[in-house]
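Dropping work30.pdb in here (PDB, C-alpha atoms and all ligand atoms):
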```pdb
ATOM      1  CA  MET U   1       0.935 -11.889  -1.290
ATOM      2  CA  SER U   2       0.357 -14.599   1.319
ATOM      3  CA  ARG U   3      -2.737 -14.561   3.549
ATOM      4  CA  ARG U   4      -0.535 -13.971   6.578
ATOM      5  CA  ALA U   5       1.178 -10.964   5.023
ATOM      6  CA  ARG U   6      -2.199  -9.540   4.008
ATOM      7  CA  ILE U   7      -3.559  -9.894   7.551
ATOM      8  CA  PHE U   8      -0.409  -8.263   8.954
ATOM      9  CA  LEU U   9      -0.644  -5.373   6.504
ATOM     10  CA  LYS U  10      -4.319  -4.748   7.216
ATOM     11  CA  SER U  11      -3.750  -4.902  10.975
ATOM     12  CA  ALA U  12      -0.965  -2.329  10.572
ATOM     13  CA  VAL U  13      -3.343  -0.046   8.636
ATOM     14  CA  TRP U  14      -5.982  -0.444  11.379
ATOM     15  CA  GLY U  15      -3.374   0.462  14.010
ATOM     16  CA  VAL U  16      -2.037   3.505  12.146
ATOM     17  CA  ALA U  17      -5.498   4.726  11.125
ATOM     18  CA  LEU U  18      -6.931   4.480  14.626
ATOM     19  CA  SER U  19      -3.962   6.109  16.356
ATOM     20  CA  PRO U  20      -5.202   9.728  15.856
ATOM     21  CA  LEU U  21      -8.500   8.762  17.474
ATOM     22  CA  ALA U  22      -6.653   7.095  20.342
ATOM     23  CA  LEU U  23      -4.541  10.246  20.752
ATOM     24  CA  LEU U  24      -7.681  12.393  20.820
ATOM     25  CA  LEU U  25      -9.322  10.176  23.443
ATOM     26  CA  TYR U  26      -6.156  10.124  25.534
ATOM     27  CA  ARG U  27      -5.851  13.929  25.426
ATOM     28  CA  PHE U  28      -9.534  14.288  26.233
ATOM     29  CA  LEU U  29      -9.318  11.960  29.236
ATOM     30  CA  THR U  30      -6.158  13.623  30.535
ATOM     31  CA  ASN U  31      -7.397  17.160  29.919
ATOM     32  CA  GLN U  32      -4.719  17.967  27.344
ATOM     33  CA  LEU U  33      -6.783  19.314  24.482
ATOM     34  CA  GLY U  34      -5.216  22.765  24.785
ATOM     35  CA  PRO U  35      -6.843  26.210  25.061
ATOM     36  CA  ASN U  36      -9.373  25.493  22.279
ATOM     37  CA  PRO U  37     -10.444  21.835  22.604
ATOM     38  CA  ILE U  38     -13.133  21.987  19.877
ATOM     39  CA  SER U  39     -10.709  23.420  17.368
ATOM     40  CA  TYR U  40      -8.066  20.863  18.362
ATOM     41  CA  ALA U  41     -10.488  17.962  17.871
ATOM     42  CA  THR U  42     -11.920  19.316  14.586
ATOM     43  CA  ASN U  43      -8.472  19.933  13.148
ATOM     44  CA  LEU U  44      -7.052  16.572  14.188
ATOM     45  CA  LEU U  45     -10.020  14.749  12.644
ATOM     46  CA  GLY U  46      -9.894  16.927   9.487
ATOM     47  CA  ASP U  47      -6.147  16.385   9.057
ATOM     48  CA  THR U  48      -6.581  12.646   9.450
ATOM     49  CA  THR U  49      -9.392  12.592   6.875
ATOM     50  CA  LEU U  50      -7.225  14.369   4.318
ATOM     51  CA  ARG U  51      -4.195  12.181   4.988
ATOM     52  CA  LEU U  52      -6.217   8.990   4.604
ATOM     53  CA  LEU U  53      -7.826  10.280   1.415
ATOM     54  CA  LEU U  54      -4.426  11.075  -0.078
ATOM     55  CA  ALA U  55      -3.049   7.711   1.085
ATOM     56  CA  SER U  56      -5.889   5.920  -0.684
ATOM     57  CA  LEU U  57      -5.241   8.027  -3.789
ATOM     58  CA  ALA U  58      -1.543   7.131  -3.768
ATOM     59  CA  LEU U  59      -2.087   3.384  -4.216
ATOM     60  CA  THR U  60      -2.752   3.383  -7.963
ATOM     61  CA  PRO U  61       0.117   5.797  -8.785
ATOM     62  CA  LEU U  62       2.412   3.452  -6.812
ATOM     63  CA  ARG U  63       1.295   0.605  -9.059
ATOM     64  CA  ILE U  64       1.792   2.711 -12.176
ATOM     65  CA  LEU U  65       5.299   3.840 -11.177
ATOM     66  CA  PHE U  66       6.677   0.671  -9.607
ATOM     67  CA  GLY U  67       4.501  -2.103 -11.055
ATOM     68  CA  ILE U  68       3.557  -3.347  -7.565
ATOM     69  CA  ALA U  69      -0.014  -4.338  -6.756
ATOM     70  CA  TRP U  70      -0.052  -5.652  -3.159
ATOM     71  CA  GLN U  71      -1.051  -2.240  -1.804
ATOM     72  CA  MET U  72      -4.270  -2.212  -3.862
ATOM     73  CA  SER U  73      -5.993  -4.450  -1.313
ATOM     74  CA  LEU U  74      -5.788  -1.545   1.170
ATOM     75  CA  ARG U  75      -7.820   0.858  -0.940
ATOM     76  CA  ARG U  76     -11.216   0.041   0.540
ATOM     77  CA  LEU U  77      -9.928   0.094   4.113
ATOM     78  CA  LEU U  78      -8.230   3.487   3.702
ATOM     79  CA  GLY U  79     -11.283   4.923   1.949
ATOM     80  CA  LEU U  80     -13.631   3.713   4.679
ATOM     81  CA  PHE U  81     -11.356   5.100   7.394
ATOM     82  CA  ALA U  82     -11.338   8.477   5.589
ATOM     83  CA  PHE U  83     -15.142   8.355   5.611
ATOM     84  CA  PHE U  84     -15.188   7.385   9.291
ATOM     85  CA  TYR U  85     -12.969  10.342  10.225
ATOM     86  CA  VAL U  86     -14.900  12.878   8.140
ATOM     87  CA  CYS U  87     -18.094  11.707   9.879
ATOM     88  CA  LEU U  88     -16.441  12.353  13.267
ATOM     89  CA  HIS U  89     -15.100  15.708  12.013
ATOM     90  CA  PHE U  90     -18.620  16.641  10.882
ATOM     91  CA  THR U  91     -20.213  15.376  14.124
ATOM     92  CA  VAL U  92     -17.916  17.552  16.253
ATOM     93  CA  TRP U  93     -18.870  20.534  14.105
ATOM     94  CA  ILE U  94     -22.624  19.851  14.416
ATOM     95  CA  ALA U  95     -22.870  18.582  17.974
ATOM     96  CA  VAL U  96     -20.043  20.253  19.880
ATOM     97  CA  ASP U  97     -19.314  23.411  17.898
ATOM     98  CA  HIS U  98     -22.930  24.372  17.111
ATOM     99  CA  PHE U  99     -25.040  22.295  19.546
ATOM    100  CA  PHE U 100     -27.445  21.207  16.782
ATOM    101  CA  ASP U 101     -28.459  24.784  16.011
ATOM    102  CA  TRP U 102     -29.805  23.937  12.541
ATOM    103  CA  GLY U 103     -30.359  27.587  11.532
ATOM    104  CA  GLU U 104     -26.785  28.491  12.371
ATOM    105  CA  LEU U 105     -25.480  25.352  10.656
ATOM    106  CA  ALA U 106     -27.401  26.109   7.439
ATOM    107  CA  ALA U 107     -26.211  29.745   7.497
ATOM    108  CA  ASP U 108     -22.618  28.543   7.919
ATOM    109  CA  ILE U 109     -22.925  26.176   4.957
ATOM    110  CA  VAL U 110     -24.244  28.950   2.718
ATOM    111  CA  LYS U 111     -22.040  31.791   3.964
ATOM    112  CA  ARG U 112     -18.665  30.174   4.449
ATOM    113  CA  PRO U 113     -17.166  28.804   1.214
ATOM    114  CA  TYR U 114     -14.826  26.444   3.101
ATOM    115  CA  ILE U 115     -17.826  24.850   4.836
ATOM    116  CA  THR U 116     -19.755  24.606   1.532
ATOM    117  CA  VAL U 117     -16.821  22.831  -0.075
ATOM    118  CA  GLY U 118     -16.346  20.529   2.941
ATOM    119  CA  MET U 119     -20.026  19.603   2.837
ATOM    120  CA  LEU U 120     -19.779  18.826  -0.862
ATOM    121  CA  ALA U 121     -16.768  16.572  -0.255
ATOM    122  CA  LEU U 122     -18.588  14.760   2.545
ATOM    123  CA  THR U 123     -21.727  14.328   0.420
ATOM    124  CA  LEU U 124     -19.709  12.881  -2.454
ATOM    125  CA  LEU U 125     -17.987  10.454  -0.111
ATOM    126  CA  VAL U 126     -21.344   8.906   0.907
ATOM    127  CA  PRO U 127     -22.031   7.010  -2.362
ATOM    128  CA  LEU U 128     -18.406   5.869  -2.469
ATOM    129  CA  ALA U 129     -18.596   4.423   1.049
ATOM    130  CA  GLY U 130     -22.002   2.895   0.237
ATOM    131  CA  THR U 131     -20.659   1.116  -2.834
ATOM    132  CA  SER U 132     -17.400  -0.093  -1.336
ATOM    133  CA  THR U 133     -18.463  -3.732  -0.867
ATOM    134  CA  SER U 134     -17.638  -6.509  -3.361
ATOM    135  CA  GLY U 135     -21.398  -7.037  -3.802
ATOM    136  CA  MET U 136     -21.809  -3.448  -4.976
ATOM    137  CA  VAL U 137     -18.854  -3.757  -7.360
ATOM    138  CA  LYS U 138     -20.657  -6.713  -8.958
ATOM    139  CA  ARG U 139     -24.018  -4.991  -8.997
ATOM    140  CA  LEU U 140     -22.674  -1.813 -10.631
ATOM    141  CA  GLY U 141     -20.247  -3.604 -12.924
ATOM    142  CA  GLY U 142     -16.497  -2.983 -12.755
ATOM    143  CA  LYS U 143     -16.504  -0.196 -15.342
ATOM    144  CA  ASN U 144     -19.299   1.840 -13.719
ATOM    145  CA  TRP U 145     -17.871   1.234 -10.265
ATOM    146  CA  ARG U 146     -14.449   2.518 -11.333
ATOM    147  CA  ARG U 147     -16.038   5.523 -13.008
ATOM    148  CA  LEU U 148     -17.976   6.374  -9.828
ATOM    149  CA  HIS U 149     -14.952   5.889  -7.614
ATOM    150  CA  ARG U 150     -12.876   8.315  -9.688
ATOM    151  CA  LEU U 151     -14.873  10.927  -7.755
ATOM    152  CA  VAL U 152     -12.337  10.435  -5.009
ATOM    153  CA  TYR U 153      -9.959  12.740  -6.922
ATOM    154  CA  LEU U 154     -12.579  15.487  -6.896
ATOM    155  CA  ILE U 155     -13.168  14.816  -3.185
ATOM    156  CA  GLY U 156      -9.419  15.138  -2.541
ATOM    157  CA  LEU U 157      -9.422  18.414  -4.469
ATOM    158  CA  LEU U 158     -12.387  19.738  -2.469
ATOM    159  CA  GLY U 159     -10.700  18.639   0.776
ATOM    160  CA  VAL U 160      -7.533  20.575  -0.113
ATOM    161  CA  LEU U 161      -9.582  23.618  -1.166
ATOM    162  CA  HIS U 162     -11.506  23.430   2.136
ATOM    163  CA  TYR U 163      -8.201  23.500   4.013
ATOM    164  CA  LEU U 164      -6.730  26.294   1.842
ATOM    165  CA  TRP U 165      -9.762  28.481   2.443
ATOM    166  CA  LEU U 166      -9.978  28.054   6.201
ATOM    167  CA  VAL U 167      -6.337  28.346   7.150
ATOM    168  CA  LYS U 168      -4.653  31.524   8.330
ATOM    169  CA  LYS U 169      -1.945  33.186   6.236
ATOM    170  CA  GLY U 170       1.511  31.759   6.801
ATOM    171  CA  VAL U 171       0.418  28.139   7.321
ATOM    172  CA  ASN U 172       1.894  26.103   4.490
ATOM    173  CA  ASP U 173       0.455  22.634   5.190
ATOM    174  CA  PRO U 174      -2.444  22.936   2.719
ATOM    175  CA  TYR U 175       0.033  23.773  -0.062
ATOM    176  CA  LEU U 176       1.956  20.615   0.704
ATOM    177  CA  TYR U 177      -1.261  18.579   0.442
ATOM    178  CA  ALA U 178      -2.095  20.422  -2.807
ATOM    179  CA  VAL U 179       1.307  19.530  -4.301
ATOM    180  CA  ILE U 180       0.894  15.860  -3.315
ATOM    181  CA  LEU U 181      -2.563  15.783  -4.885
ATOM    182  CA  VAL U 182      -1.356  17.410  -8.118
ATOM    183  CA  VAL U 183       1.536  14.926  -8.372
ATOM    184  CA  LEU U 184      -0.816  11.941  -7.822
ATOM    185  CA  LEU U 185      -3.308  13.293 -10.357
ATOM    186  CA  GLY U 186      -0.460  14.025 -12.791
ATOM    187  CA  ILE U 187       0.734  10.407 -12.622
ATOM    188  CA  ARG U 188      -2.814   9.156 -13.344
ATOM    189  CA  LEU U 189      -3.192  11.558 -16.277
ATOM    190  CA  TRP U 190       0.210  10.646 -17.675
ATOM    191  CA  ASP U 191      -0.719   6.947 -17.440
ATOM    192  CA  TRP U 192      -4.058   7.606 -19.107
ATOM    193  CA  ALA U 193      -2.420   9.596 -21.960
ATOM    194  CA  ARG U 194       0.221   6.922 -22.448
ATOM    195  CA  HIS U 195      -2.424   4.201 -22.743
ATOM    196  CA  LYS U 196      -4.489   6.299 -25.104
ATOM    197  CA  ALA U 197      -1.467   6.894 -27.328
ATOM    198  CA  TRP U 198      -0.614   3.198 -27.204
ATOM    199  CA  LEU U 199      -4.165   2.202 -28.136
ATOM    200  CA  GLY U 200      -3.884   4.511 -31.152
ATOM    201  CA  VAL U 201      -0.895   2.533 -32.453
ATOM    202  CA  PRO U 202      -1.987  -0.079 -35.057
ATOM    203  CA  THR U 203      -2.231  -3.593 -33.569
ATOM    204  CA  TRP U 204       0.289  -4.978 -36.088
ATOM    205  CA  LEU U 205       2.917  -2.772 -34.423
ATOM    206  CA  HIS U 206       2.436  -3.879 -30.816
ATOM    207  CA  GLY U 207       0.922  -7.356 -31.180
ATOM    208  CA  GLY U 208      -1.988  -6.409 -28.862
ATOM    209  CA  HIS U 209      -0.304  -7.089 -25.544
ATOM    210  CA  SER U 210       1.420  -5.515 -22.529
ATOM    211  CA  LEU U 211      -0.030  -1.989 -22.092
ATOM    212  CA  ILE U 212      -3.213  -3.032 -23.910
ATOM    213  CA  LYS U 213      -3.875  -5.695 -21.317
ATOM    214  CA  THR U 214      -3.629  -3.271 -18.442
ATOM    215  CA  ALA U 215      -5.678  -0.710 -20.327
ATOM    216  CA  ASN U 216      -8.603  -3.097 -20.647
ATOM    217  CA  GLY U 217      -8.331  -5.221 -17.579
ATOM    218  CA  THR U 218      -6.700  -4.503 -14.302
ATOM    219  CA  ARG U 219      -6.617  -0.725 -14.342
ATOM    220  CA  GLY U 220      -8.856   1.072 -11.964
ATOM    221  CA  GLY U 221      -9.312   3.236  -8.889
TER
HETATM  222  C1  LIG U 301     -13.643  15.268   2.921
HETATM  223  C2  LIG U 301     -14.074  16.291   3.634
HETATM  224  C3  LIG U 301     -13.236  17.105   4.574
HETATM  225  C4  LIG U 301     -11.870  17.163   4.725
HETATM  226  C5  LIG U 301     -10.809  16.391   3.963
HETATM  227  C6  LIG U 301     -11.600  18.122   5.776
HETATM  228  C7  LIG U 301     -10.348  18.464   6.215
HETATM  229  C8  LIG U 301     -10.071  19.472   7.114
HETATM  230  C9  LIG U 301      -8.762  19.930   7.461
HETATM  231  C10 LIG U 301      -7.468  19.358   6.902
HETATM  232  C11 LIG U 301      -8.894  20.932   8.367
HETATM  233  C12 LIG U 301      -7.796  21.788   8.989
HETATM  234  C13 LIG U 301      -6.936  21.061   9.926
HETATM  235  C14 LIG U 301      -5.839  21.922  10.519
HETATM  236  O1  LIG U 301      -5.929  23.154  10.502
HETATM  237  O2  LIG U 301      -4.860  21.320  11.008
HETATM  238  C15 LIG U 301     -10.298  21.108   8.603
HETATM  239  C16 LIG U 301     -10.827  22.047   9.469
HETATM  240  C17 LIG U 301     -12.175  22.285   9.598
HETATM  241  N1  LIG U 301     -13.186  21.604   8.983
HETATM  242 FE1  LIG U 301     -13.012  20.130   7.625
HETATM  243  N2  LIG U 301     -12.793  18.633   6.247
HETATM  244  C18 LIG U 301     -13.805  18.038   5.528
HETATM  245  C19 LIG U 301     -15.148  18.262   5.675
HETATM  246  C20 LIG U 301     -15.694  19.145   6.570
HETATM  247  C21 LIG U 301     -17.112  19.347   6.786
HETATM  248  C22 LIG U 301     -18.213  18.569   6.083
HETATM  249  C23 LIG U 301     -17.236  20.310   7.731
HETATM  250  C24 LIG U 301     -18.475  20.898   8.312
HETATM  251  C25 LIG U 301     -19.553  21.072   7.636
HETATM  252  C26 LIG U 301     -15.907  20.737   8.112
HETATM  253  C27 LIG U 301     -15.632  21.717   9.049
HETATM  254  C28 LIG U 301     -14.374  22.135   9.416
HETATM  255  C29 LIG U 301     -14.106  23.217  10.351
HETATM  256  C30 LIG U 301     -15.154  24.081  11.049
HETATM  257  C31 LIG U 301     -12.724  23.309  10.460
HETATM  258  C32 LIG U 301     -11.938  24.349  11.263
HETATM  259  C33 LIG U 301     -11.766  23.968  12.691
HETATM  260  C34 LIG U 301     -11.064  25.065  13.470
HETATM  261  O3  LIG U 301     -10.119  25.652  12.967
HETATM  262  O4  LIG U 301     -11.482  25.293  14.570
HETATM  263  N3  LIG U 301     -14.998  19.994   7.401
HETATM  264  N4  LIG U 301     -10.999  20.220   7.830
END
```

Any chance you could give the structure as structure tokens?
Ligand code: HEM
Amino acid sequence: MSRRARIFLKSAVWGVALSPLALLLYRFLTNQLGPNPISYATNLLGDTTLRLLLASLALTPLRILFGIAWQMSLRRLLGLFAFFYVCLHFTVWIAVDHFFDWGELAADIVKRPYITVGMLALTLLVPLAGTSTSGMVKRLGGKNWRRLHRLVYLIGLLGVLHYLWLVKKGVNDPYLYAVILVVLLGIRLWDWARHKAWLGVPTWLHGGHSLIKTANGTRGG
């Protein structure tokens, strides 16, 4: 992909990723946050976190299914935006919903399973955000870095569980997210199994190329 196309693509991601925040600010400034402004803000920020997480998780399956790789350069950006939004989501919960009442916050984390799971997802996202730079990839080594960053699937799972546990009966959105996550995970597992089977085939049968190359080299995320 040309430098120009890459810049255009990244600018588009910036625009799309920041639009929920712009919407929130606009509604705040124009007094349109509805009857429960805290809930509106928390939910908008939570939804955006989950969408960005799933978008970042969809990049590798897209490569597996269609053999395209240009989207891989967006992985870090989408992951960092997901982290940015979950930090805002968490800040609203601490500062606006509970006014820094640490006792109440701790009790909530222990008593409410959906909060426990959300906290776990947020905690696991911290090392991923902290190791997202090229310098950290080098320092950890590609293999270790990829292993660590596979945690994002668990984080996605925890995010969906968090949503499933907090939502009222009759709301189907979390099930939709769950189906998307299962499909994305299924594609990764299918790819993994296919490579494993291929690696088990004697070299004299496949000549040591094609799938083998991707299995050792460019796979990741
Ligand atoms: C990766 C981590 C997280 C994800 C993906 C996530 C996602 C979500 C989603 C999708 C919703 C529901 C949105 C809706 O109903 O439209 C939500 C609501 C909520 N989340 Fe999270 N969340 C995460 C972490 C957290 C953490 C760490 C906390 C606090 C400790 C938290 C507290 C809440 C609360 C209190 C609500 C309910 C708001 C309300 O209904 O008034 N979340 N979150």

All residues 9 Å or closer to segment 159-171 of chain U, only C-alpha atoms, same chain fewer than 2 positions away omitted, as a VMD selection string: chain U and resid 46 to 47 49 to 50 53 113 to 118 121 to 122 154 to 157 173 to 175 177 to 178 181

- request: Just say which residues the PyMOL selection byres (((chain U and resi 52) around 8) and not hetatm) picks in this file, as JSON, numbers by chain.
  value: {"U": [17, 48, 49, 50, 51, 53, 54, 55, 56, 78, 79, 81, 82]}

Save the residues we just selected, C-alpha atoms, as a CSV table (one decimal), in the frame of the given file?
```csv
chain,number,residue,atom,x,y,z
U,17,ALA,CA,-5.5,4.7,11.1
U,48,THR,CA,-6.6,12.6,9.4
U,49,THR,CA,-9.4,12.6,6.9
U,50,LEU,CA,-7.2,14.4,4.3
U,51,ARG,CA,-4.2,12.2,5.0
U,53,LEU,CA,-7.8,10.3,1.4
U,54,LEU,CA,-4.4,11.1,-0.1
U,55,ALA,CA,-3.0,7.7,1.1
U,56,SER,CA,-5.9,5.9,-0.7
U,78,LEU,CA,-8.2,3.5,3.7
U,79,GLY,CA,-11.3,4.9,1.9
U,81,PHE,CA,-11.4,5.1,7.4
U,82,ALA,CA,-11.3,8.5,5.6
```

Let me have the centre and edge lengths in Å, one decimal, of the box along x, y and z around every listed atom of segment 188-191 of chain U with 4 Å of margin on each side, as lines of an AutoDock Vina configuration file.
```
center_x = -1.5
center_y = 9.3
center_z = -15.5
size_x = 11.4
size_y = 12.6
size_z = 12.3
```

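Across the model, the gap from atom CA of His89 of chain U to atom CA of Arg188 of chain U is 28.9 Å.
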
message: Counting only C-alpha atoms, which residue out of U:Val137, U:Ala193, U:Leu21, U:Leu128 sits closest to Leu80 of chain U?
response: U:Leu128

- request: Output the residue selection produced by the PyMOL selection byres (((chain U and resi 97) around 12) and not hetatm) on the file above, formatted as a PyMOL selection string.
  value: chain U and resi 36-42+89-96+98-102+104-105+108

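In this comparison, which uses all atoms listed in the file, the residue of U:Lys111, U:Lys196, U:Arg6, U:Arg146 approaching ligand LIG 301 (chain U) most closely is U:Lys111.
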
- prompt: Hey, what comes out of the PyMOL selection byres (((chain U and resi 182-185) around 10) and not hetatm) on this file? Could you write it as a count of residues only?
  reply: 21

- line: One residue among U:Phe28, U:Trp70, U:Phe8, U:Tyr85 is nearest to ligand LIG 301 (chain U) when using all atoms listed in the file, and that residue is U:Tyr85

query: How many Å separate atom C17 of ligand LIG 301 (chain U) from atom CA of Leu25 of chain U?
result: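 Between atom C17 of ligand LIG 301 (chain U) and atom CA of Leu25 of chain U the gap is 18.6 Å.
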